[in-house]
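Dropping final03.cif in here (mmCIF, C-alpha atoms):
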data_coords
loop_
_atom_site.label_atom_id
_atom_site.label_comp_id
_atom_site.auth_asym_id
_atom_site.auth_seq_id
_atom_site.Cartn_x
_atom_site.Cartn_y
_atom_site.Cartn_z
CA MET A 1 -206.16 -95.98 -85.96
CA PHE A 2 -203.34 -96.37 -83.49
CA LYS A 3 -203.61 -95.45 -79.83
CA ILE A 4 -201.34 -93.68 -77.39
CA GLY A 5 -198.79 -96.14 -76.01
CA GLU A 6 -198.78 -98.42 -79.06
CA LYS A 7 -195.48 -99.55 -80.53
CA VAL A 8 -195.30 -98.84 -84.25
CA VAL A 9 -192.81 -98.78 -87.12
CA TYR A 10 -192.47 -95.69 -89.27
CA PRO A 11 -190.59 -96.81 -92.41
CA VAL A 12 -187.27 -95.09 -93.06
CA HIS A 13 -187.19 -93.71 -89.49
CA GLY A 14 -187.69 -96.81 -87.34
CA ALA A 15 -189.82 -98.04 -84.48
CA GLY A 16 -191.26 -95.92 -81.74
CA ILE A 17 -194.04 -95.46 -79.23
CA ILE A 18 -196.99 -93.20 -79.85
CA GLU A 19 -196.77 -90.65 -77.06
CA ALA A 20 -199.64 -88.40 -78.13
CA ILE A 21 -202.19 -87.67 -80.81
CA GLU A 22 -202.46 -83.93 -81.34
CA GLN A 23 -204.04 -81.49 -83.72
CA LYS A 24 -201.48 -79.04 -85.05
CA GLU A 25 -201.42 -76.36 -87.67
CA VAL A 26 -198.52 -76.81 -90.06
CA LEU A 27 -198.14 -74.51 -93.07
CA GLY A 28 -201.63 -73.16 -92.48
CA GLU A 29 -203.26 -76.59 -92.48
CA LYS A 30 -204.77 -78.19 -89.36
CA ARG A 31 -204.23 -81.94 -89.14
CA ARG A 32 -204.08 -84.63 -86.50
CA TYR A 33 -200.61 -86.05 -85.86
CA TYR A 34 -199.19 -89.05 -84.08
CA ILE A 35 -196.27 -87.92 -81.94
CA LEU A 36 -193.75 -90.78 -81.93
CA ARG A 37 -190.74 -91.20 -79.68
CA LEU A 38 -188.33 -93.40 -81.62
CA SER A 39 -186.65 -96.17 -79.66
CA VAL A 40 -183.18 -95.53 -81.07
CA GLY A 41 -181.70 -92.10 -81.63
CA GLU A 42 -183.66 -89.91 -79.17
CA LEU A 43 -185.83 -88.50 -81.94
CA ASN A 44 -189.47 -87.45 -81.86
CA VAL A 45 -191.45 -87.55 -85.11
CA MET A 46 -194.84 -86.12 -86.07
CA VAL A 47 -196.78 -88.34 -88.48
CA PRO A 48 -200.04 -87.11 -90.01
CA VAL A 49 -202.79 -89.53 -88.94
CA ASP A 50 -204.35 -89.49 -92.41
CA THR A 51 -201.14 -90.71 -94.11
CA VAL A 52 -200.30 -93.84 -92.09
CA ASP A 53 -201.69 -96.26 -94.68
CA LYS A 54 -199.90 -94.50 -97.52
CA ILE A 55 -196.53 -94.46 -95.76
CA GLY A 56 -196.84 -98.00 -94.38
CA MET A 57 -196.81 -97.32 -90.64
CA ARG A 58 -197.55 -100.58 -88.86
CA PRO A 59 -197.40 -102.28 -85.46
CA VAL A 60 -194.02 -103.71 -84.41
CA SER A 61 -193.38 -107.31 -85.39
CA ASP A 62 -194.30 -110.28 -83.25
CA ASP A 63 -191.95 -113.08 -82.11
CA GLU A 64 -192.82 -115.28 -85.09
CA THR A 65 -191.87 -112.56 -87.57
CA LEU A 66 -188.68 -111.78 -85.65
CA ALA A 67 -187.71 -115.46 -85.85
CA LEU A 68 -188.15 -115.24 -89.63
CA VAL A 69 -186.00 -112.09 -89.65
CA LYS A 70 -183.26 -113.96 -87.78
CA ASP A 71 -183.39 -116.72 -90.41
CA ILE A 72 -183.10 -114.13 -93.19
CA LEU A 73 -180.13 -112.47 -91.49
CA GLN A 74 -178.35 -115.81 -91.14
CA GLY A 75 -179.11 -116.86 -94.72
CA GLU A 76 -177.13 -116.56 -97.89
CA ALA A 77 -176.72 -113.11 -99.36
CA SER A 78 -178.70 -112.49 -102.52
CA PRO A 79 -176.80 -112.14 -105.78
CA TRP A 80 -176.03 -108.47 -106.16
CA GLU A 81 -176.62 -106.23 -109.05
CA ASP A 82 -173.40 -105.00 -110.70
CA ASN A 83 -174.83 -101.56 -111.32
CA TRP A 84 -174.34 -99.61 -108.07
CA ASN A 85 -177.13 -97.14 -108.83
CA ARG A 86 -179.69 -99.87 -109.56
CA ARG A 87 -178.60 -101.84 -106.49
CA TYR A 88 -178.94 -98.72 -104.34
CA ARG A 89 -182.46 -97.98 -105.67
CA GLU A 90 -183.60 -101.59 -105.13
CA ASN A 91 -182.33 -101.51 -101.55
CA MET A 92 -183.95 -98.11 -100.89
CA ASP A 93 -187.29 -99.44 -102.19
CA LYS A 94 -187.03 -102.35 -99.75
CA ILE A 95 -186.27 -100.01 -96.86
CA LYS A 96 -189.16 -97.70 -97.75
CA SER A 97 -191.57 -100.65 -98.00
CA GLY A 98 -191.76 -100.90 -94.21
CA ASP A 99 -191.56 -104.70 -94.49
CA ILE A 100 -189.14 -105.96 -91.84
CA CYS A 101 -188.25 -109.03 -93.93
CA GLN A 102 -187.20 -106.85 -96.87
CA LEU A 103 -185.30 -104.61 -94.47
CA ALA A 104 -183.52 -107.68 -93.06
CA GLU A 105 -182.50 -108.67 -96.60
CA VAL A 106 -180.94 -105.24 -97.12
CA VAL A 107 -179.07 -105.43 -93.81
CA ARG A 108 -177.85 -108.98 -94.50
CA ASN A 109 -176.76 -108.26 -98.06
CA LEU A 110 -174.95 -105.05 -97.18
CA MET A 111 -173.27 -106.55 -94.10
CA VAL A 112 -172.07 -109.56 -96.08
CA ARG A 113 -170.90 -107.34 -98.92
CA ASP A 114 -169.08 -105.11 -96.42
CA LEU A 115 -167.36 -108.13 -94.89
CA THR A 116 -166.47 -109.68 -98.24
CA ARG A 117 -165.84 -106.84 -100.68
CA GLY A 118 -166.35 -103.54 -98.91
CA LEU A 119 -169.00 -100.89 -99.51
CA SER A 120 -169.07 -97.52 -101.19
CA ALA A 121 -169.70 -94.48 -99.00
CA GLY A 122 -173.37 -94.39 -100.05
CA GLU A 123 -173.89 -98.05 -99.25
CA LYS A 124 -172.12 -97.66 -95.89
CA LYS A 125 -174.61 -94.92 -95.00
CA MET A 126 -177.48 -97.14 -96.21
CA LEU A 127 -176.20 -100.02 -94.05
CA GLU A 128 -175.97 -97.72 -91.02
CA THR A 129 -179.52 -96.44 -91.60
CA SER A 130 -181.08 -99.85 -92.29
CA ARG A 131 -179.36 -101.39 -89.24
CA LYS A 132 -180.67 -98.56 -87.07
CA ILE A 133 -184.22 -99.08 -88.33
CA LEU A 134 -184.02 -102.85 -87.79
CA LEU A 135 -182.48 -102.45 -84.33
CA SER A 136 -185.16 -99.96 -83.30
CA GLU A 137 -187.86 -102.53 -84.02
CA ILE A 138 -186.00 -105.34 -82.24
CA VAL A 139 -185.48 -103.08 -79.20
CA LEU A 140 -189.22 -102.40 -78.90
CA ALA A 141 -190.47 -105.85 -79.85
CA LYS A 142 -188.11 -107.70 -77.50
CA GLU A 143 -188.03 -104.94 -74.86
CA MET A 144 -184.24 -105.04 -74.71
CA PRO A 145 -181.55 -102.36 -74.52
CA ALA A 146 -180.20 -101.09 -77.85
CA GLU A 147 -176.67 -102.30 -77.02
CA GLU A 148 -177.89 -105.84 -76.40
CA ALA A 149 -179.87 -105.84 -79.67
CA ALA A 150 -176.82 -104.56 -81.58
CA ASP A 151 -174.59 -107.21 -79.99
CA SER A 152 -177.02 -110.00 -80.94
CA LEU A 153 -177.19 -108.69 -84.52
CA ASN A 154 -173.39 -108.51 -84.74
CA ARG A 155 -173.08 -112.09 -83.43
CA LEU A 156 -175.17 -113.29 -86.37
CA PHE A 157 -172.39 -112.10 -88.67
CA ASP A 158 -169.41 -113.24 -86.61
CA GLY A 159 -167.35 -115.74 -88.52
CA ARG A 160 -168.15 -114.35 -91.96
CA ARG A 161 -164.86 -113.22 -93.42
CA LYS A 162 -163.57 -112.13 -96.77
CA ASP A 163 -164.75 -114.63 -99.41
CA ASP A 164 -167.05 -116.45 -96.92
CA SER A 165 -170.75 -116.53 -97.75
CA ALA A 166 -170.27 -114.23 -100.72
CA PRO A 167 -172.40 -115.09 -103.71
CA ALA A 168 -170.86 -114.96 -107.13
CA ASN A 169 -171.16 -111.44 -108.41
CA ALA A 170 -174.25 -111.80 -110.55
CA THR A 171 -176.74 -109.53 -112.17
CA LYS A 172 -180.37 -110.08 -111.31
#
Could you write out this file's structure as structure tokens?
Amino acid sequence: MFKIGEKVVYPVHGAGIIEAIEQKEVLGEKRRYYILRLSVGELNVMVPVDTVDKIGMRPVSDDETLALVKDILQGEASPWEDNWNRRYRENMDKIKSGDICQLAEVVRNLMVRDLTRGLSAGEKKMLETSRKILLSEIVLAKEMPAEEAADSLNRLFDGRRKDDSAPANATK
């Protein structure tokens, strides 16, 4: 069980701080909820205490894991699936997993693809969402302003231009 003041990651929404643990009645059912203030986006979220294991809520990453994330972001993009729908589902599964390393793969692959080939509207939205989730965790873990975290992420991709670092278009 998490405590008030702990920094946690709520997959698909991002990282935040537990501000309260309250019992509330929602749709006629009384449950205990974590009240999270997300670090990016000025959003508060209620998470049922009894679902945290199922949804993958976890503490924010430590410095060692963030170093691994940086390596992933700087690495080669994975070969991408030709089928847009399958590629989208695979990326969404990685985002929903709550695993920051899988999230970093999604961000890296979509950013590289955007720089080298461009993205569809759906993938642009997915890139925006996955970047926001990743940045929210970096902001809390490193205790840095969101703008500084975004700048450091952008610097990792500086220098990658059209046809640079793009894997051959391959099906998994």
Original post:
Residues at most 12 Å from A:Met111, counting all atoms listed in the file, excluding those fewer than 2 positions away in the same chain, as an MDAnalysis selection string?
Top reply: chainID A and resid 73:78 104:109 113:119 123:128 130:131 153:154 156:158 160:162 165:166
Please, could you write that set of residues out with C-alpha atoms as a JSON list (two decimals), keeping the file's coordinate frame?
[["chain", "number", "residue", "atom", "x", "y", "z"],
["A", 73, "LEU", "CA", -180.13, -112.47, -91.49],
["A", 74, "GLN", "CA", -178.35, -115.81, -91.14],
["A", 75, "GLY", "CA", -179.11, -116.86, -94.72],
["A", 76, "GLU", "CA", -177.13, -116.56, -97.89],
["A", 77, "ALA", "CA", -176.72, -113.11, -99.36],
["A", 78, "SER", "CA", -178.70, -112.49, -102.52],
["A", 104, "ALA", "CA", -183.52, -107.68, -93.06],
["A", 105, "GLU", "CA", -182.50, -108.67, -96.60],
["A", 106, "VAL", "CA", -180.94, -105.24, -97.12],
["A", 107, "VAL", "CA", -179.07, -105.43, -93.81],
["A", 108, "ARG", "CA", -177.85, -108.98, -94.50],
["A", 109, "ASN", "CA", -176.76, -108.26, -98.06],
["A", 113, "ARG", "CA", -170.90, -107.34, -98.92],
["A", 114, "ASP", "CA", -169.08, -105.11, -96.42],
["A", 115, "LEU", "CA", -167.36, -108.13, -94.89],
["A", 116, "THR", "CA", -166.47, -109.68, -98.24],
["A", 117, "ARG", "CA", -165.84, -106.84, -100.68],
["A", 118, "GLY", "CA", -166.35, -103.54, -98.91],
["A", 119, "LEU", "CA", -169.00, -100.89, -99.51],
["A", 123, "GLU", "CA", -173.89, -98.05, -99.25],
["A", 124, "LYS", "CA", -172.12, -97.66, -95.89],
["A", 125, "LYS", "CA", -174.61, -94.92, -95.00],
["A", 126, "MET", "CA", -177.48, -97.14, -96.21],
["A", 127, "LEU", "CA", -176.20, -100.02, -94.05],
["A", 128, "GLU", "CA", -175.97, -97.72, -91.02],
["A", 130, "SER", "CA", -181.08, -99.85, -92.29],
["A", 131, "ARG", "CA", -179.36, -101.39, -89.24],
["A", 153, "LEU", "CA", -177.19, -108.69, -84.52],
["A", 154, "ASN", "CA", -173.39, -108.51, -84.74],
["A", 156, "LEU", "CA", -175.17, -113.29, -86.37],
["A", 157, "PHE", "CA", -172.39, -112.10, -88.67],
["A", 158, "ASP", "CA", -169.41, -113.24, -86.61],
["A", 160, "ARG", "CA", -168.15, -114.35, -91.96],
["A", 161, "ARG", "CA", -164.86, -113.22, -93.42],
["A", 162, "LYS", "CA", -163.57, -112.13, -96.77],
["A", 165, "SER", "CA", -170.75, -116.53, -97.75],
["A", 166, "ALA", "CA", -170.27, -114.23, -100.72]]
**OP:** Report the residues retrieved by the PyMOL selection byres ((chain A and resi 46-58) around 6) from the displayed file, expressed as a list of chain:residue names.
**Re:** A:Val8, A:Val9, A:Tyr10, A:Arg32, A:Tyr33, A:Tyr34, A:Ile35, A:Val45, A:Pro59, A:Gly98
Original post:
What is the distance, in Å and to one decimal place, between atom CA of A:Ser152 and atom CA of A:Val40?
Top reply: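 Straight-line distance from atom CA of A:Ser152 to atom CA of A:Val40 works out to 15.7 Å.
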Applied to this file, what does the PyMOL selection byres ((chain A and resi 37) around 8) return in terms of residues, put as a PDB file with C-alpha atoms, keeping the file's coordinate frame?
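What landed in selection-v4.pdb:
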ATOM      1  CA  GLY A  16    -191.260 -95.920 -81.740  1.00  0.00           C
ATOM      2  CA  ILE A  17    -194.040 -95.460 -79.230  1.00  0.00           C
ATOM      3  CA  ILE A  18    -196.990 -93.200 -79.850  1.00  0.00           C
ATOM      4  CA  GLU A  19    -196.770 -90.650 -77.060  1.00  0.00           C
ATOM      5  CA  ILE A  35    -196.270 -87.920 -81.940  1.00  0.00           C
ATOM      6  CA  LEU A  36    -193.750 -90.780 -81.930  1.00  0.00           C
ATOM      7  CA  LEU A  38    -188.330 -93.400 -81.620  1.00  0.00           C
ATOM      8  CA  SER A  39    -186.650 -96.170 -79.660  1.00  0.00           C
ATOM      9  CA  GLU A  42    -183.660 -89.910 -79.170  1.00  0.00           C
ATOM     10  CA  LEU A  43    -185.830 -88.500 -81.940  1.00  0.00           C
ATOM     11  CA  ASN A  44    -189.470 -87.450 -81.860  1.00  0.00           C
ATOM     12  CA  VAL A  45    -191.450 -87.550 -85.110  1.00  0.00           C
TER      13      VAL A  45
END
Hits of the PyMOL selection byres ((chain A and resi 141) around 12) in this structure, as a CSV table (one decimal) with C-alpha atoms, keeping the file's coordinate frame:
chain,number,residue,atom,x,y,z
A,6,GLU,CA,-198.8,-98.4,-79.1
A,7,LYS,CA,-195.5,-99.6,-80.5
A,8,VAL,CA,-195.3,-98.8,-84.2
A,9,VAL,CA,-192.8,-98.8,-87.1
A,15,ALA,CA,-189.8,-98.0,-84.5
A,16,GLY,CA,-191.3,-95.9,-81.7
A,17,ILE,CA,-194.0,-95.5,-79.2
A,39,SER,CA,-186.6,-96.2,-79.7
A,59,PRO,CA,-197.4,-102.3,-85.5
A,60,VAL,CA,-194.0,-103.7,-84.4
A,61,SER,CA,-193.4,-107.3,-85.4
A,62,ASP,CA,-194.3,-110.3,-83.2
A,63,ASP,CA,-192.0,-113.1,-82.1
A,64,GLU,CA,-192.8,-115.3,-85.1
A,65,THR,CA,-191.9,-112.6,-87.6
A,66,LEU,CA,-188.7,-111.8,-85.6
A,67,ALA,CA,-187.7,-115.5,-85.8
A,134,LEU,CA,-184.0,-102.8,-87.8
A,135,LEU,CA,-182.5,-102.4,-84.3
A,136,SER,CA,-185.2,-100.0,-83.3
A,137,GLU,CA,-187.9,-102.5,-84.0
A,138,ILE,CA,-186.0,-105.3,-82.2
A,139,VAL,CA,-185.5,-103.1,-79.2
A,140,LEU,CA,-189.2,-102.4,-78.9
A,142,LYS,CA,-188.1,-107.7,-77.5
A,143,GLU,CA,-188.0,-104.9,-74.9
A,144,MET,CA,-184.2,-105.0,-74.7
A,145,PRO,CA,-181.6,-102.4,-74.5
A,146,ALA,CA,-180.2,-101.1,-77.8
A,149,ALA,CA,-179.9,-105.8,-79.7
**OP:** Find the distance between atom CA of A:Arg89 and atom CA of A:Val69 and write it in Å to one decimal.
**Re:**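 We find that atom CA of A:Arg89 and atom CA of A:Val69 lie 21.6 Å from each other.
Distance check against A:Ala121 using all atoms listed in the file: of A:Trp80, A:Asp71, A:Lys24, A:Tyr88, the minimum falls on A:Tyr88.
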Original post:
When distances are computed from all atoms listed in the file, which of A:Glu22, A:Lys70, A:Val112, A:Val12 shows the smallest separation from A:Lys132?
Top reply: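 Smallest distance to A:Lys132 is found for A:Val12.
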Original post:
atom CA of A:Glu147 and atom CA of A:Arg87, how far apart in Å?
Top reply: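 It comes out at 29.5 Å.
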Original post:
A:Met92, A:Leu27, A:Ala150, A:Ile72: which is nearest A:Pro11, counting only C-alpha atoms?
Top reply: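 Residue with the minimum atom-to-atom distance to A:Pro11: A:Met92.
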**OP:** Could you check which of A:Gln23, A:Gly5, A:Ile133, A:Asp151 is closest to A:Asp99, using all atoms listed in the file?
**Re:**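 Nearest candidate to A:Asp99 out of A:Gln23, A:Gly5, A:Ile133, A:Asp151: A:Ile133.
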Since the input is missing atoms for stretch 128-157 of chain A, could you rebuild it with N, CA and C atoms and give the result as an mmCIF file, keeping the file's coordinate frame?
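Okay, this is what ended up in rebuild_35.cif:
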data_model
loop_
_atom_site.group_PDB
_atom_site.id
_atom_site.type_symbol
_atom_site.label_atom_id
_atom_site.label_comp_id
_atom_site.auth_asym_id
_atom_site.auth_seq_id
_atom_site.Cartn_x
_atom_site.Cartn_y
_atom_site.Cartn_z
ATOM 1 N N GLU A 128 -175.801 -98.340 -92.341
ATOM 2 C CA GLU A 128 -175.970 -97.720 -91.020
ATOM 3 C C GLU A 128 -177.454 -97.389 -90.758
ATOM 4 N N THR A 129 -178.111 -96.818 -91.741
ATOM 5 C CA THR A 129 -179.520 -96.440 -91.600
ATOM 6 C C THR A 129 -180.420 -97.673 -91.462
ATOM 7 N N SER A 130 -180.217 -98.660 -92.326
ATOM 8 C CA SER A 130 -181.080 -99.850 -92.290
ATOM 9 C C SER A 130 -180.859 -100.649 -91.002
ATOM 10 N N ARG A 131 -179.626 -100.727 -90.526
ATOM 11 C CA ARG A 131 -179.360 -101.390 -89.240
ATOM 12 C C ARG A 131 -180.079 -100.684 -88.096
ATOM 13 N N LYS A 132 -180.023 -99.347 -88.121
ATOM 14 C CA LYS A 132 -180.670 -98.560 -87.070
ATOM 15 C C LYS A 132 -182.180 -98.807 -87.066
ATOM 16 N N ILE A 133 -182.783 -98.834 -88.232
ATOM 17 C CA ILE A 133 -184.220 -99.080 -88.330
ATOM 18 C C ILE A 133 -184.556 -100.470 -87.812
ATOM 19 N N LEU A 134 -183.781 -101.469 -88.234
ATOM 20 C CA LEU A 134 -184.020 -102.850 -87.790
ATOM 21 C C LEU A 134 -183.823 -102.972 -86.284
ATOM 22 N N LEU A 135 -182.749 -102.389 -85.771
ATOM 23 C CA LEU A 135 -182.480 -102.450 -84.330
ATOM 24 C C LEU A 135 -183.586 -101.772 -83.527
ATOM 25 N N SER A 136 -184.111 -100.663 -84.046
ATOM 26 C CA SER A 136 -185.160 -99.960 -83.300
ATOM 27 C C SER A 136 -186.390 -100.839 -83.129
ATOM 28 N N GLU A 137 -186.699 -101.642 -84.134
ATOM 29 C CA GLU A 137 -187.860 -102.530 -84.020
ATOM 30 C C GLU A 137 -187.564 -103.694 -83.071
ATOM 31 N N ILE A 138 -186.377 -104.241 -83.143
ATOM 32 C CA ILE A 138 -186.000 -105.340 -82.240
ATOM 33 C C ILE A 138 -186.029 -104.862 -80.796
ATOM 34 N N VAL A 139 -185.506 -103.662 -80.554
ATOM 35 C CA VAL A 139 -185.480 -103.080 -79.200
ATOM 36 C C VAL A 139 -186.890 -103.014 -78.621
ATOM 37 N N LEU A 140 -187.843 -102.517 -79.401
ATOM 38 C CA LEU A 140 -189.220 -102.400 -78.900
ATOM 39 C C LEU A 140 -189.923 -103.747 -78.808
ATOM 40 N N ALA A 141 -189.761 -104.573 -79.826
ATOM 41 C CA ALA A 141 -190.470 -105.850 -79.850
ATOM 42 C C ALA A 141 -189.993 -106.788 -78.745
ATOM 43 N N LYS A 142 -188.695 -106.800 -78.506
ATOM 44 C CA LYS A 142 -188.110 -107.700 -77.500
ATOM 45 C C LYS A 142 -187.921 -107.027 -76.148
ATOM 46 N N GLU A 143 -188.215 -105.713 -76.088
ATOM 47 C CA GLU A 143 -188.030 -104.940 -74.860
ATOM 48 C C GLU A 143 -186.630 -105.154 -74.281
ATOM 49 N N MET A 144 -185.637 -104.877 -75.124
ATOM 50 C CA MET A 144 -184.240 -105.040 -74.710
ATOM 51 C C MET A 144 -183.467 -103.756 -74.978
ATOM 52 N N PRO A 145 -182.367 -103.545 -74.274
ATOM 53 C CA PRO A 145 -181.550 -102.360 -74.520
ATOM 54 C C PRO A 145 -180.954 -102.374 -75.924
ATOM 55 N N ALA A 146 -180.727 -101.206 -76.488
ATOM 56 C CA ALA A 146 -180.200 -101.090 -77.850
ATOM 57 C C ALA A 146 -178.842 -101.784 -77.984
ATOM 58 N N GLU A 147 -177.995 -101.675 -76.962
ATOM 59 C CA GLU A 147 -176.670 -102.300 -77.020
ATOM 60 C C GLU A 147 -176.775 -103.805 -77.124
ATOM 61 N N GLU A 148 -177.696 -104.386 -76.370
ATOM 62 C CA GLU A 148 -177.890 -105.840 -76.400
ATOM 63 C C GLU A 148 -178.417 -106.279 -77.771
ATOM 64 N N ALA A 149 -179.334 -105.518 -78.342
ATOM 65 C CA ALA A 149 -179.870 -105.840 -79.670
ATOM 66 C C ALA A 149 -178.762 -105.753 -80.715
ATOM 67 N N ALA A 150 -177.928 -104.718 -80.628
ATOM 68 C CA ALA A 150 -176.820 -104.560 -81.580
ATOM 69 C C ALA A 150 -175.823 -105.696 -81.446
ATOM 70 N N ASP A 151 -175.517 -106.098 -80.211
ATOM 71 C CA ASP A 151 -174.590 -107.210 -79.990
ATOM 72 C C ASP A 151 -175.146 -108.506 -80.592
ATOM 73 N N SER A 152 -176.438 -108.762 -80.407
ATOM 74 C CA SER A 152 -177.020 -110.000 -80.940
ATOM 75 C C SER A 152 -177.021 -109.969 -82.472
ATOM 76 N N LEU A 153 -177.252 -108.800 -83.069
ATOM 77 C CA LEU A 153 -177.190 -108.690 -84.520
ATOM 78 C C LEU A 153 -175.761 -108.923 -85.009
ATOM 79 N N ASN A 154 -174.789 -108.334 -84.341
ATOM 80 C CA ASN A 154 -173.390 -108.510 -84.740
ATOM 81 C C ASN A 154 -172.954 -109.969 -84.633
ATOM 82 N N ARG A 155 -173.437 -110.675 -83.599
ATOM 83 C CA ARG A 155 -173.080 -112.090 -83.430
ATOM 84 C C ARG A 155 -173.568 -112.944 -84.604
ATOM 85 N N LEU A 156 -174.674 -112.540 -85.216
ATOM 86 C CA LEU A 156 -175.170 -113.290 -86.370
ATOM 87 C C LEU A 156 -174.198 -113.262 -87.538
ATOM 88 N N PHE A 157 -173.331 -112.240 -87.559
ATOM 89 C CA PHE A 157 -172.390 -112.100 -88.670
ATOM 90 C C PHE A 157 -170.963 -112.445 -88.283
#
